[in-house]
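**Q** Here it is, the structure, as structure tokens.
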Amino acid sequence: MTAPLRIGNASGFYGDRFDALREMLTGGELDVLTGDYLAELTMLILARDRLKNPDAGYARTFLRQLEEGLGLAAERGVRIVVNAGGLNPAGLAVAVRELAERVGVPARVAHVEGDDLTAAHPGSLAAHAYLGGFGIAACLTAGADVVVTGRVTDAALVTGPAAAHFGWRPDDHDRLAGAVVAGHVLECGTQATGGNYAFFGEVPGGLGRPGFPLAEIHEDGTAVITKHPGTGGIVDVGTVTAQLLYETGGARYPGPDVTARLDTVRLVQDGPDRVRIEGVRGEAPPPDLKVGRNRLGGFRGEVVFVLTGLDIDAKADLVRAQMADALAKSPPKEVRWELVRTDRPDAPTEETASALLRLVVRDAEQAVVGRSLSGAAVELALASYPGFHVLAPPGKGTPYGVFEAGYVPQPDVRQVAVLPDGQRHPVPPPAATLALAALPPPALPEPLPAGPVRRAPLGLVAGARSGDKGADANVGVWARTEDAWRWLAHELTVERFEELIPESRGLPVTRHVLPRLRALNFVVEGILGEGVAAQHRFDPQAKALGEWLRARHLDLPEALL
């Protein structure tokens with residue numbers, strides 16, 4: 001029997017806990033340590049870095065972490081696989097070699113390239129295909145100690161090492177799908193160990209400083225999610241379910257190597273801080289690769305007026321009317337007013353007696369959203385509502401980015417593994433592909449028998465986690481007991497969701513049912529406008545959309561309370 005492969009995670013985003021790489025290397029046994037540094041917004045940030053310096057474009061934080069961690073990894077025989085290469089994996093590979101020489105730790109460094117399609121997308125700051133794990137596998141098979149990539153899928157950081165270790169082939173779809181699911185659980189770091197968890201108050205000893213997760217991957221594709229002994233947080237079916245639902249959609253979860261069937265996943269508590277993932281089935285991947293494009297969307301201006309005490313609505317109406325003339329002289333393409341009622345009656349502090357009136361304008365021309373707008377707001381300082389002030393002095397309009405998703409046939413992308421000896425190894429596209437198609441809706445459980453109900457928050461009986469994918473948001477909702485699932489599956493329809501989340505009305509909302517996870521996954525198209533960088537709404541990445549849903553009141557069966 002081939003021993004399980006122990007793969008840890010030390011980064012869920014660019015800016016995650018700096019000490020995590022050292023903590024994971026010293027906290028317990030590992031074979032591979034991964035780090036996910038990329039997101040849609042990160043690619044835009046790195047693209048702007050590259051505009052200033054063509055040699056930039058990668059996550060510089062990783063180099064600082066590696067300065068201490070490279071020696072520890074070498075001592076413990078741990079290989080490191082990260083997507084910190086961003087827009088310039090070759091440049092990061094060179095920098096890692098230079099670092100290794102400087103600290104006196106021999107390291108065989110390889111990288112994966114071919115994802116950069118910017119030249120084929122005029123007007124884009126960056127356009128990158130999401131590659132799979134077989135480029136990583138080729139680098140590891142060639143003996144690399146450190147592998148850096150550009151834009152690969154987050155799960156590829158796990159599927160690549162697993163394919164190399166076990167010798168999986170591209171048509172080992174079930175095994176690859178199991179690794180994809182494990183990789184998806186690991187990719188966001190401590191979100192799998194209690195971070196951002198709906199029931200964080202139940203974490204033994206308090207959440208504190210949760211440890212980063214690791215997966216024990218088996219040859220058949222099953223895995224156990226756990227963490228190093230003695231670290232904070234918790235790994236249980238709930239935390240793994242929450243992360244599994246994060247930024248996913250329906251039962252088919254497509255990737256460049258395989259389409260994982262989320263409706264086949266079984267989660268089993270396998271002891272304290274151990275959750276087994278089993279039963280995962282896979283299908284051939286889609287014929288196209290996803291391409292993420294970032295471009296400059298225009299310019300954005302913002303003013304936040306503070307309204308205090310009495311007559312909040314009248315004060316807001318006065319500001320809107322006074323600003324109307326300035327907005328009419330050179331009308332921005334988009335004007336959004338939002339009144340946030342953070343005030344309360346007879347408040348003990350000035351801050352809690354105040355509401356915020358937010359004005360956001362966008363236009364292709366900086367001047368339209370810049371000085372003319374900010375000047376008009378400042379001129380109201382002595383001529384508007386009593387107590388007039390703003391949160392910060394308004395300034396010139398700032399540029400914002402737009403994320404767009406596209407697709408390209410897999411054979412059109414030339415993935416290359418650049419091995420430690422410099423040899424360039426082409427990675428062929430999968431021989432078999434399968435176009436995505438919706439699955440028939442699964443059967444729902446028997447409804448819960450009718451009985452007395454109580455008006456209360458949904459979150460008393462259900463957990464949720466939400467996130468963004470470009471302009472869309474998803475909200476995964478799950479029940480922790482079979483009776484709660486019987487009620488949730490019938491009660492939380494699309495119509496009820498739209499009633500509880502008014503922002504979703506008028507937008508396409510799709511409900512996906514995942515009975516084995518006792519979960520519903522709602523995808524709301526277009527709720528985030530042009531993506532996170534455009535700052536379309538108060539919560540631009542929909543991180544708290546699920547918590548808002550849990551806070552909404554409806555009639556809950558008393559039997560569940």
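We name chains A, B, ... following the order of the structure tokens; residues begin at 1 in each chain, and ligands are numbered from 1 as shown.
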Env of Ala177 (chain A): 7 Å cut, atoms = only C-alpha atoms, seq-sep filter 5 positions within chain, self excluded. Answer as a list in words.
**A** Val258, Thr259, Ala260, Val280, Arg281 and Gly282 of chain A
**Q** Please produce an output containing C-alpha atoms for each residue in the selection, written as a compact mmCIF listing (two decimals), in the first residue's frame.
**A**
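Once everything was written out, this is selection_16.txt:
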```
# COMPACT_ATOMS: atom_id res chain seq x y z
CA VAL A 258 -11.53 16.84 -14.14
CA THR A 259 -15.10 17.73 -13.30
CA ALA A 260 -15.74 16.74 -9.70
CA VAL A 280 -16.12 11.41 -4.83
CA ARG A 281 -16.75 10.68 -8.48
CA GLY A 282 -15.22 12.50 -11.40
```
**Q** Please report, as JSON lines, each residue of region 365-458 of chain A lying at most 6 Å from region 483-499 of chain A, together with the nearest pair of atoms and the separation in Å rounded to one decimal; use only C-alpha atoms, and order rows by chain and ascending residue number.
**A**
```
{"residue": "A:Pro445", "atom": "CA", "partner": "A:Arg486", "partner_atom": "CA", "distance": 5.6}
{"residue": "A:Pro447", "atom": "CA", "partner": "A:Arg486", "partner_atom": "CA", "distance": 5.2}
{"residue": "A:Leu448", "atom": "CA", "partner": "A:Trp487", "partner_atom": "CA", "distance": 5.4}
```
**Q** Store the residues picked out above in a file with N, CA and C atoms, as a PDB file, in the first residue's frame.
**A**
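Dumped to selection_16.pdb:
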```
ATOM      1  N   PRO A 445     -35.888  15.259   0.501  1.00  0.00           N
ATOM      2  CA  PRO A 445     -36.325  14.392   1.604  1.00  0.00           C
ATOM      3  C   PRO A 445     -37.799  14.612   1.914  1.00  0.00           C
ATOM      4  N   PRO A 447     -40.898  15.983   3.743  1.00  0.00           N
ATOM      5  CA  PRO A 447     -41.026  17.218   4.532  1.00  0.00           C
ATOM      6  C   PRO A 447     -41.168  16.914   6.018  1.00  0.00           C
ATOM      7  N   LEU A 448     -40.764  17.845   6.819  1.00  0.00           N
ATOM      8  CA  LEU A 448     -40.945  17.723   8.260  1.00  0.00           C
ATOM      9  C   LEU A 448     -42.440  17.840   8.569  1.00  0.00           C
TER      10      LEU A 448
END
```
**Q** Check the DSSP output for the backbone and give back, as an NGL selection string, the residues of region 377-557 of chain A in strand (DSSP E or B).
**A** :A and (389-390 or 398-409 or 415-418 or 424-427 or 453-457 or 462-469 or 472-479 or 509-514 or 519-524 or 553-557)
**Q** Write out as a compact mmCIF listing (two decimals) with N, CA, C and O atoms, in the first residue's frame the residues lying within 9 Å of Pro393 (chain A), counting only C-alpha atoms and excluding same-chain residues fewer than 6 positions away.
**A**
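Full text of out32.txt as output:
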```
# COMPACT_ATOMS: atom_id res chain seq x y z
N VAL A 303 -18.02 59.87 -1.60
CA VAL A 303 -18.15 60.78 -0.46
C VAL A 303 -19.10 60.11 0.52
O VAL A 303 -20.17 59.62 0.13
N SER A 374 -15.99 66.41 -5.71
CA SER A 374 -15.51 66.60 -4.35
C SER A 374 -15.63 68.06 -3.93
O SER A 374 -15.94 68.37 -2.78
N VAL A 378 -17.55 69.55 -0.61
CA VAL A 378 -16.87 70.38 0.39
C VAL A 378 -17.57 71.73 0.55
O VAL A 378 -17.68 72.28 1.66
```
